[in-house]
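Peer 1: If you scroll down you'll find the structure; I have some questions about it.
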Amino acid sequence: MAEVLVLVDHVDGAVRKPTLELLTLARRIGDPVAVHLGPGADTAAPVLAEHGAVKVLTADAPEFADYLVVPKVDALQAAAAAVSPAAVLVASSAEGKEVAARLALRLGSGIITDAVDVTAGDEGPVATQSVFAAAFTTRSRVSRGIPVITVKPNSAPVEAAPAAGTVEPLEVSFGELATGTKVVSRTPRQSTGRPELTEAAIVVSGGRGVNGAENFSIIEELADSLGAAVGASRAAVDAGWYPHSNQVGQTGKSVSPQLYIANGISGAIQHRAGMQTSKTIVAVNKDAEAPIFDLADYGVVGDLFQVVPQLTAEVKARKG
Amino acid sequence: MSLRIVVAVKYVPDATGDRHFADDLTTDREAVDGLLSELDEYAVEQALQIADAADDAEITVLTVGPEDAKDAVRKALSMGADKGVHVEDDALHGSDVIGTSLVLAKAIEHIGYDLVVTGMASTDGTMGVLPALLAERLGIPQVTLLSEVAVADGTVTGRRDGDAASEQLEAALPALVSVTDQSGEARYPSFKGIMAAKKKPVESLDLSDLGIDAAEVGLAGAWTAVQDAAKRPERTAGTIVKDEGEGGKQLAAYLAEQKFI
Ligand SMILES: Cc1cc2nc3c(=O)[nH]c(=O)nc-3n(C[C@H](O)[C@H](O)[C@H](O)COP(=O)(O)OP(=O)(O)OC[C@H]3O[C@@H](n4cnc5c(N)ncnc54)[C@H](O)[C@@H]3O)c2cc1C
Ligand SMILES: Cc1cc2nc3c(=O)[nH]c(=O)nc-3n(C[C@H](O)[C@H](O)[C@H](O)COP(=O)(O)OP(=O)(O)OC[C@H]3O[C@@H](n4cnc5c(N)ncnc54)[C@H](O)[C@@H]3O)c2cc1C
């Protein structure tokens, strides 16, 4: 069976959930071969094997951390040369997309970004995209070269599918461009202890209606009662009430959770672009005409300062 | 020596309009009014600020797109850019990102550059990969997704707020920069700027001017193929209740019924 390359997204060997989702999709097309770059391959390999990787190609070098994007392209290109894959799957993070695009160009291949599903097809993998702020669904394929596809988080289930996961070192030689953009310093984002926004099963968001940074504690308390991640509209972020890393929408994160709760958010097209594919959408807004109610499976017209704390208390009570 | 800046801007259908696909599954550009992609205004703004900080600089605005795409160039010129280049050719219709990046790269080389500035993503295709592809094609460093950028002494520096960390980046010119909507509000064109833009030169180029074979671009030259496009089914109307004092409890009951609690 043909091999499918999966670029591993990890933090020092802790494999991020979207990579496990990629392995599920890769198994539909062929035998997943994971490519682990940077430290922590020993930690990652068993996890990757558990989820279907027949092989784990590993390379570690200071370049991966010290320079932007290109060293990883060099490595993935070397991996593609080593296994002649039927497709390359990469998670749709900012970096993942850039790595994938440059790789596609080098391989003489087309690229599809932000797929929400990938299936096997007669003429190669078929990727589903959700476009124009999720108003349309398209199905596309790469018609030339080795298909390179980036996939959004929460697009496939994580499945256990034990495979050999044989670890093999990958020989990488870095080109001249690899050291073009130096990462002079790096400040890791502080962990909030809450689930990762793009990976969370439930997202609780606040918008302009939250009316102040201090009031976001109401949103956080609801999120914590549900074990959810916290999101924000651009209006709330621009006002300085919540960090940009939590922004949901076209210029923030794109989320696709089981449940999305929008509080004091009107539902502008650019916000919808980042949350419209959520399974269940719930809205709390004092304006019955707010466009967010057009999307909502359940909506409460009311003051969030009344509704949200009552909801939080009730959730806590029901959970005991 | 003068710092030569090329800003790539895209002309896109208005996102608040009813965007859809034409029969050949390309973006219908007739049905909805077009405009300069709002996210590319940030690129123009940062180019203007970089030019202001340099002793001597010239900003060329570049767009690849249909005839109306000239409007995007005019808007950028009215914000303060110096001249424009518009690549237009019937053979470009339906180009994918690989084809578009080829045309942009050739045009940038034709113009001559020390610094290329782009937006973070278009508001229609929203791929966000064209900047990386341009850097790859031009063989220059990519310093992308910056929320802060400066150019001094032949070096670009900037801050990239990534998923896991905030990174301080550095690269030597010539280089490519892409900026996010966190980089600072774009200026509005002044009346004077709008009048001045009318007199600024806009060069029109076609594929033969750039030495590109028409077979390499357009729908036929694309390396990706859209099989079908379907309007997402309208979400079925949900239950909307008015809070009469029990709204939070009603919502909790719904969440419990849906097994979220
Ligand atoms: C290029 C571009 C990119 C963009 N990207 C994004 C993006 O990534 N994400 C994003 O979110 N936006 C984005 N925007 C902005 C977007 O257009 C909207 O301006 C923004 O989403 C509005 O945020 P909001 O809904 O919080 O605020 P508003 O539209 O002001 O809505 C606030 C809502 O809160 C309700 N409200 C007020 N008080 C209460 C209360 N006490 N209780 C209950 N409800 C209350 C109001 O009825 C109203 O509906 C982008 C815009 C552009 C042009
Ligand atoms: C809904 C949709 C989905 C698509 N999906 C794919 C796909 O999966 N694969 C594929 O190969 N193609 C795809 N395309 C086609 C692709 O969008 C176009 O080829 C486009 O020219 C480049 O991609 P982008 O608009 O997403 O650019 P982005 O990578 O999002 O643009 C980033 C920046 O590049 C610059 N730029 C982009 N286009 C131009 C231009 N024409 N002129 C000047 N500067 C420009 C701007 O500075 C912009 O901010 C899609 C198009 C649409 C409408």
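Residues in the structure tokens are numbered from 1 in each chain, the chains being A, B, ... in the order shown, and ligands are numbered from 1 in the order shown.
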With 7 Å as the limit and counting only C-alpha atoms, what residues in chain B lie close to chain A? Please list them as a PyMOL selection string.

Peer 2: chain B and resi 16+19+98+124+127+129+132-133+136+139+141-143+164-171+223-232+235+237-243+247-249+251-252+261

Peer 1: Would you mind listing the residues within 8 Å of ligand 2, counting only C-alpha atoms and all ligand atoms, as a ChimeraX atom specification?

Peer 2: /A:110-115,129-132,140 /B:7-11,26-27,37,39-40,43,62-65,94-101,104,117-131,178,222-224

Peer 1: Please list as a VMD selection string every residue within 6 Å of Ala72 (chain B), counting only C-alpha atoms and excluding residues in the same chain fewer than 2 positions away.

Peer 2: chain B and resid 11 36 69 to 70 74 to 75

Peer 1: With all heavy atoms retained, export the selected residues as a PDB file, in the first residue's frame.

Peer 2:
```
ATOM      1  N   TYR B  11      -7.586  42.133  -5.356  1.00  0.00           N
ATOM      2  CA  TYR B  11      -8.934  42.662  -5.547  1.00  0.00           C
ATOM      3  C   TYR B  11      -9.896  41.505  -5.334  1.00  0.00           C
ATOM      4  O   TYR B  11      -9.782  40.468  -5.991  1.00  0.00           O
ATOM      5  CB  TYR B  11      -9.028  43.211  -6.971  1.00  0.00           C
ATOM      6  CG  TYR B  11     -10.352  43.812  -7.355  1.00  0.00           C
ATOM      7  CD1 TYR B  11     -10.721  45.077  -6.907  1.00  0.00           C
ATOM      8  CD2 TYR B  11     -11.217  43.132  -8.208  1.00  0.00           C
ATOM      9  CE1 TYR B  11     -11.924  45.637  -7.288  1.00  0.00           C
ATOM     10  CE2 TYR B  11     -12.417  43.691  -8.595  1.00  0.00           C
ATOM     11  CZ  TYR B  11     -12.770  44.941  -8.127  1.00  0.00           C
ATOM     12  OH  TYR B  11     -13.960  45.495  -8.507  1.00  0.00           O
ATOM     13  N   LEU B  36     -10.430  46.391  -2.705  1.00  0.00           N
ATOM     14  CA  LEU B  36      -9.104  46.020  -2.210  1.00  0.00           C
ATOM     15  C   LEU B  36      -9.314  45.186  -0.948  1.00  0.00           C
ATOM     16  O   LEU B  36      -9.981  45.633  -0.013  1.00  0.00           O
ATOM     17  CB  LEU B  36      -8.322  47.293  -1.877  1.00  0.00           C
ATOM     18  CG  LEU B  36      -7.035  47.165  -1.049  1.00  0.00           C
ATOM     19  CD1 LEU B  36      -5.992  46.321  -1.768  1.00  0.00           C
ATOM     20  CD2 LEU B  36      -6.465  48.540  -0.735  1.00  0.00           C
ATOM     21  N   ALA B  69      -9.638  45.107 -11.150  1.00  0.00           N
ATOM     22  CA  ALA B  69      -8.626  45.044 -10.098  1.00  0.00           C
ATOM     23  C   ALA B  69      -7.822  46.338 -10.024  1.00  0.00           C
ATOM     24  O   ALA B  69      -7.172  46.625  -9.020  1.00  0.00           O
ATOM     25  CB  ALA B  69      -7.708  43.843 -10.309  1.00  0.00           C
ATOM     26  N   LYS B  70      -7.890  47.124 -11.099  1.00  0.00           N
ATOM     27  CA  LYS B  70      -7.232  48.436 -11.081  1.00  0.00           C
ATOM     28  C   LYS B  70      -7.731  49.285  -9.914  1.00  0.00           C
ATOM     29  O   LYS B  70      -6.992  50.118  -9.380  1.00  0.00           O
ATOM     30  CB  LYS B  70      -7.520  49.160 -12.400  1.00  0.00           C
ATOM     31  CG  LYS B  70      -6.268  49.431 -13.192  1.00  0.00           C
ATOM     32  CD  LYS B  70      -6.514  50.245 -14.433  1.00  0.00           C
ATOM     33  CE  LYS B  70      -5.653  49.776 -15.581  1.00  0.00           C
ATOM     34  NZ  LYS B  70      -6.257  48.782 -16.450  1.00  0.00           N
ATOM     35  N   ARG B  74      -5.629  51.654  -7.409  1.00  0.00           N
ATOM     36  CA  ARG B  74      -5.939  53.082  -7.192  1.00  0.00           C
ATOM     37  C   ARG B  74      -6.098  53.392  -5.710  1.00  0.00           C
ATOM     38  O   ARG B  74      -5.635  54.411  -5.221  1.00  0.00           O
ATOM     39  CB  ARG B  74      -7.229  53.467  -7.914  1.00  0.00           C
ATOM     40  CG  ARG B  74      -7.105  53.655  -9.393  1.00  0.00           C
ATOM     41  CD  ARG B  74      -6.447  54.988  -9.787  1.00  0.00           C
ATOM     42  NE  ARG B  74      -6.085  54.907 -11.199  1.00  0.00           N
ATOM     43  CZ  ARG B  74      -4.963  55.333 -11.742  1.00  0.00           C
ATOM     44  NH1 ARG B  74      -4.058  55.929 -10.996  1.00  0.00           N
ATOM     45  NH2 ARG B  74      -4.730  55.184 -13.017  1.00  0.00           N
ATOM     46  N   LYS B  75      -6.787  52.502  -5.012  1.00  0.00           N
ATOM     47  CA  LYS B  75      -7.004  52.728  -3.588  1.00  0.00           C
ATOM     48  C   LYS B  75      -5.663  52.800  -2.859  1.00  0.00           C
ATOM     49  O   LYS B  75      -5.429  53.693  -2.042  1.00  0.00           O
ATOM     50  CB  LYS B  75      -7.868  51.600  -3.013  1.00  0.00           C
ATOM     51  CG  LYS B  75      -7.987  51.555  -1.502  1.00  0.00           C
ATOM     52  CD  LYS B  75      -9.278  52.168  -1.006  1.00  0.00           C
ATOM     53  CE  LYS B  75      -9.316  52.351   0.493  1.00  0.00           C
ATOM     54  NZ  LYS B  75     -10.117  51.361   1.195  1.00  0.00           N
TER      55      LYS B  75
END
```

Peer 1: Could you give me, as a short mmCIF file (atom, residue, chain, number, x, y, z; two decimals) with N, CA, C and O atoms, in the first residue's frame, the residues within 10 Å of Glu50 (chain A), counting only C-alpha atoms and dropping anything in the same chain fewer than 4 positions from it?

Peer 2:
```cif
data_model
loop_
_atom_site.label_atom_id
_atom_site.label_comp_id
_atom_site.auth_asym_id
_atom_site.auth_seq_id
_atom_site.Cartn_x
_atom_site.Cartn_y
_atom_site.Cartn_z
N LEU A 20 -2.89 13.55 15.37
CA LEU A 20 -3.55 12.24 15.50
C LEU A 20 -4.74 12.17 14.55
O LEU A 20 -5.06 11.12 13.99
N ALA A 45 7.13 8.82 19.30
CA ALA A 45 7.02 7.63 18.45
C ALA A 45 5.96 6.61 18.91
O ALA A 45 5.15 6.18 18.09
N PRO A 46 5.94 6.25 20.21
CA PRO A 46 4.91 5.27 20.63
C PRO A 46 3.49 5.78 20.42
O PRO A 46 2.59 5.01 20.08
N VAL A 54 3.09 3.57 10.47
CA VAL A 54 3.87 2.36 10.22
C VAL A 54 5.35 2.66 10.41
O VAL A 54 6.13 1.78 10.74
N GLU A 159 -8.32 8.05 16.37
CA GLU A 159 -8.62 6.62 16.47
C GLU A 159 -7.37 5.82 16.83
O GLU A 159 -6.30 6.07 16.27
N ALA A 160 -7.53 4.87 17.73
CA ALA A 160 -6.42 3.97 18.02
C ALA A 160 -6.35 2.95 16.89
O ALA A 160 -7.37 2.41 16.47
N ALA A 161 -5.16 2.74 16.34
CA ALA A 161 -4.98 1.79 15.23
C ALA A 161 -3.53 1.34 15.24
O ALA A 161 -2.73 1.74 14.41
N PRO A 162 -3.17 0.52 16.23
CA PRO A 162 -1.76 0.20 16.46
C PRO A 162 -1.04 -0.29 15.20
O PRO A 162 -1.57 -1.11 14.45
N ALA A 163 0.15 0.26 14.97
CA ALA A 163 0.98 -0.13 13.84
C ALA A 163 2.43 -0.17 14.32
O ALA A 163 2.71 0.18 15.47
N ALA A 164 3.31 -0.59 13.44
CA ALA A 164 4.70 -0.85 13.84
C ALA A 164 5.41 0.40 14.38
O ALA A 164 6.11 0.35 15.39
N GLY A 165 5.24 1.52 13.69
CA GLY A 165 5.89 2.75 14.14
C GLY A 165 7.40 2.65 14.22
O GLY A 165 8.03 3.20 15.11
#
```

Peer 1: Give the strand (DSSP E or B) residues of region 3-113 of chain B, as DSSP finds them on the backbone, and put them as an MDAnalysis selection string.

Peer 2: chainID B and resid 3:8 11:13 21 27 34:36 57:64 83:87

Peer 1: Would you please give, as a ChimeraX atom specification, all residues of region 47-187 of chain A that DSSP assigns to alpha helix (DSSP H) based on the backbone?

Peer 2: /A:47-50,63-66,70-83,94-107

Peer 1: Please compute the CA of Ala59 (chain A)-CA of Val172 (chain A) distance, one decimal, in Å.

Peer 2: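 Going from CA of Ala59 (chain A) over to CA of Val172 (chain A), I get 7.3 Å.
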
Peer 1: Just checking: using only C-alpha atoms and all ligand atoms, which residue out of B:Ala197, B:Ala215, B:Val73, B:Val12 ends up closest to ligand 1?

Peer 2: B:Val12

Peer 1: At what distance in Å, to one decimal, does CA of Phe305 (chain A) lie from CA of Ile261 (chain A)?

Peer 2: 14.5 Å

Peer 1: Just the residues within 6 Å of region 31-33 of chain A, please, counting only C-alpha atoms, with nothing from its chain fewer than 4 positions along; format it as a PyMOL selection string.

Peer 2: chain A and resi 3-5+26-27+53-56

Peer 1: When distances are computed from only C-alpha atoms and all ligand atoms, which of A:Val255, A:Ala235, A:Ile292, A:Leu37 shows the smallest separation from ligand 1?

Peer 2: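 Of all the options, A:Ala235 lies closest to ligand 1.
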
Peer 1: Need to verify the contact set: region 218-223 of chain A, 7 Å, only C-alpha atoms, exclusion of same-chain residues closer than 5 positions in sequence. Can you return it as a VMD selection string?

Peer 2: chain A and resid 204 to 206 228 to 230 309 312

Peer 1: Would you save the residues of that selection, restricted to N, CA and C atoms, as an mmCIF file, in the first residue's frame?

Peer 2:
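To be explicit, this is the file written out as result_28.cif:
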```cif
data_model
loop_
_atom_site.group_PDB
_atom_site.id
_atom_site.type_symbol
_atom_site.label_atom_id
_atom_site.label_comp_id
_atom_site.auth_asym_id
_atom_site.auth_seq_id
_atom_site.Cartn_x
_atom_site.Cartn_y
_atom_site.Cartn_z
ATOM 1 N N VAL A 204 -16.453 28.645 24.615
ATOM 2 C CA VAL A 204 -17.337 29.691 25.128
ATOM 3 C C VAL A 204 -16.705 31.033 24.777
ATOM 4 N N SER A 205 -17.417 31.856 23.990
ATOM 5 C CA SER A 205 -16.836 33.103 23.518
ATOM 6 C C SER A 205 -17.577 34.322 24.026
ATOM 7 N N GLY A 206 -16.837 35.418 24.141
ATOM 8 C CA GLY A 206 -17.429 36.685 24.535
ATOM 9 C C GLY A 206 -17.116 37.763 23.517
ATOM 10 N N ALA A 228 -14.336 24.020 28.942
ATOM 11 C CA ALA A 228 -14.247 24.583 27.594
ATOM 12 C C ALA A 228 -13.069 25.533 27.439
ATOM 13 N N ALA A 229 -12.751 25.847 26.172
ATOM 14 C CA ALA A 229 -11.781 26.895 25.860
ATOM 15 C C ALA A 229 -12.535 28.221 25.785
ATOM 16 N N VAL A 230 -11.796 29.328 25.949
ATOM 17 C CA VAL A 230 -12.407 30.656 25.865
ATOM 18 C C VAL A 230 -12.029 31.320 24.548
ATOM 19 N N PRO A 309 -24.257 33.904 34.262
ATOM 20 C CA PRO A 309 -24.000 33.398 35.625
ATOM 21 C C PRO A 309 -25.037 32.357 36.062
ATOM 22 N N THR A 312 -24.041 29.159 34.429
ATOM 23 C CA THR A 312 -22.867 28.574 35.084
ATOM 24 C C THR A 312 -23.267 27.875 36.385
#
```

Peer 1: At what distance in Å, to one decimal, does CA of Pro157 (chain A) lie from CA of Glu257 (chain B)?

Peer 2: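 Interatomic distance, CA of Glu257 (chain B) to CA of Pro157 (chain A): 23.0 Å.
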
Peer 1: For Ala236 (chain A), which residue among A:Arg194, A:His36, A:Arg28, A:His271 is the nearest when counting only C-alpha atoms?

Peer 2: A:His271

Peer 1: Give me the residues within 12 Å of Asp90 (chain B) as a PDB file with N, CA and C atoms, in the first residue's frame, counting only C-alpha atoms and dropping any in the same chain fewer than 3 places off.

Peer 2:
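The new file part16.pdb reads:
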```pdb
ATOM      1  N   VAL B  64      -2.578  41.195  -9.483  1.00  0.00           N
ATOM      2  CA  VAL B  64      -2.883  40.299 -10.599  1.00  0.00           C
ATOM      3  C   VAL B  64      -4.383  40.062 -10.524  1.00  0.00           C
ATOM      4  N   GLY B  65      -5.092  40.423 -11.585  1.00  0.00           N
ATOM      5  CA  GLY B  65      -6.531  40.240 -11.528  1.00  0.00           C
ATOM      6  C   GLY B  65      -7.222  40.864 -12.718  1.00  0.00           C
ATOM      7  N   PRO B  66      -8.562  40.700 -12.777  1.00  0.00           N
ATOM      8  CA  PRO B  66      -9.325  41.209 -13.915  1.00  0.00           C
ATOM      9  C   PRO B  66      -9.276  42.738 -14.006  1.00  0.00           C
ATOM     10  N   GLU B  67      -9.903  43.274 -15.042  1.00  0.00           N
ATOM     11  CA  GLU B  67      -9.812  44.707 -15.322  1.00  0.00           C
ATOM     12  C   GLU B  67     -10.124  45.571 -14.096  1.00  0.00           C
ATOM     13  N   VAL B  87      -1.300  43.291 -13.602  1.00  0.00           N
ATOM     14  CA  VAL B  87      -1.139  42.185 -14.547  1.00  0.00           C
ATOM     15  C   VAL B  87      -2.524  41.635 -14.864  1.00  0.00           C
ATOM     16  N   HIS B  93      -7.675  33.537 -15.911  1.00  0.00           N
ATOM     17  CA  HIS B  93      -8.941  33.150 -15.280  1.00  0.00           C
ATOM     18  C   HIS B  93      -8.865  31.732 -14.696  1.00  0.00           C
ATOM     19  N   GLY B  94      -9.144  31.611 -13.408  1.00  0.00           N
ATOM     20  CA  GLY B  94      -9.177  30.300 -12.772  1.00  0.00           C
ATOM     21  C   GLY B  94      -7.831  29.804 -12.284  1.00  0.00           C
ATOM     22  N   SER B  95      -6.833  30.675 -12.228  1.00  0.00           N
ATOM     23  CA  SER B  95      -5.507  30.246 -11.743  1.00  0.00           C
ATOM     24  C   SER B  95      -5.600  29.762 -10.296  1.00  0.00           C
ATOM     25  N   LEU B 205       0.444  45.008 -17.614  1.00  0.00           N
ATOM     26  CA  LEU B 205       1.274  43.950 -18.193  1.00  0.00           C
ATOM     27  C   LEU B 205       0.399  42.749 -18.505  1.00  0.00           C
ATOM     28  N   ASP B 206       0.769  41.990 -19.538  1.00  0.00           N
ATOM     29  CA  ASP B 206       0.104  40.704 -19.754  1.00  0.00           C
ATOM     30  C   ASP B 206       1.150  39.597 -19.652  1.00  0.00           C
ATOM     31  N   LEU B 207       0.721  38.375 -19.861  1.00  0.00           N
ATOM     32  CA  LEU B 207       1.624  37.244 -19.642  1.00  0.00           C
ATOM     33  C   LEU B 207       2.847  37.298 -20.540  1.00  0.00           C
ATOM     34  N   SER B 208       2.659  37.730 -21.795  1.00  0.00           N
ATOM     35  CA  SER B 208       3.815  37.739 -22.699  1.00  0.00           C
ATOM     36  C   SER B 208       4.855  38.765 -22.242  1.00  0.00           C
ATOM     37  N   ALA B 214       0.991  30.863 -21.432  1.00  0.00           N
ATOM     38  CA  ALA B 214      -0.402  30.840 -20.953  1.00  0.00           C
ATOM     39  C   ALA B 214      -0.810  29.459 -20.428  1.00  0.00           C
ATOM     40  N   ALA B 215      -0.181  28.409 -20.926  1.00  0.00           N
ATOM     41  CA  ALA B 215      -0.546  27.044 -20.503  1.00  0.00           C
ATOM     42  C   ALA B 215      -0.149  26.779 -19.046  1.00  0.00           C
ATOM     43  N   VAL B 217      -0.745  28.747 -16.529  1.00  0.00           N
ATOM     44  CA  VAL B 217      -1.661  29.387 -15.572  1.00  0.00           C
ATOM     45  C   VAL B 217      -3.112  29.136 -15.975  1.00  0.00           C
ATOM     46  N   GLY B 218      -4.013  29.786 -15.270  1.00  0.00           N
ATOM     47  CA  GLY B 218      -5.435  29.658 -15.579  1.00  0.00           C
ATOM     48  C   GLY B 218      -5.998  28.329 -15.129  1.00  0.00           C
ATOM     49  N   LEU B 219      -7.260  28.131 -15.453  1.00  0.00           N
ATOM     50  CA  LEU B 219      -7.956  26.921 -15.046  1.00  0.00           C
ATOM     51  C   LEU B 219      -7.268  25.676 -15.608  1.00  0.00           C
TER      52      LEU B 219
END
```

Peer 1: Nearest to Thr119 (chain A): which of A:Gly227, A:Leu25, A:Ile146, A:Ala75 is it, counting only C-alpha atoms?

Peer 2: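 Ranked by minimum distance to Thr119 (chain A), first place goes to A:Leu25.
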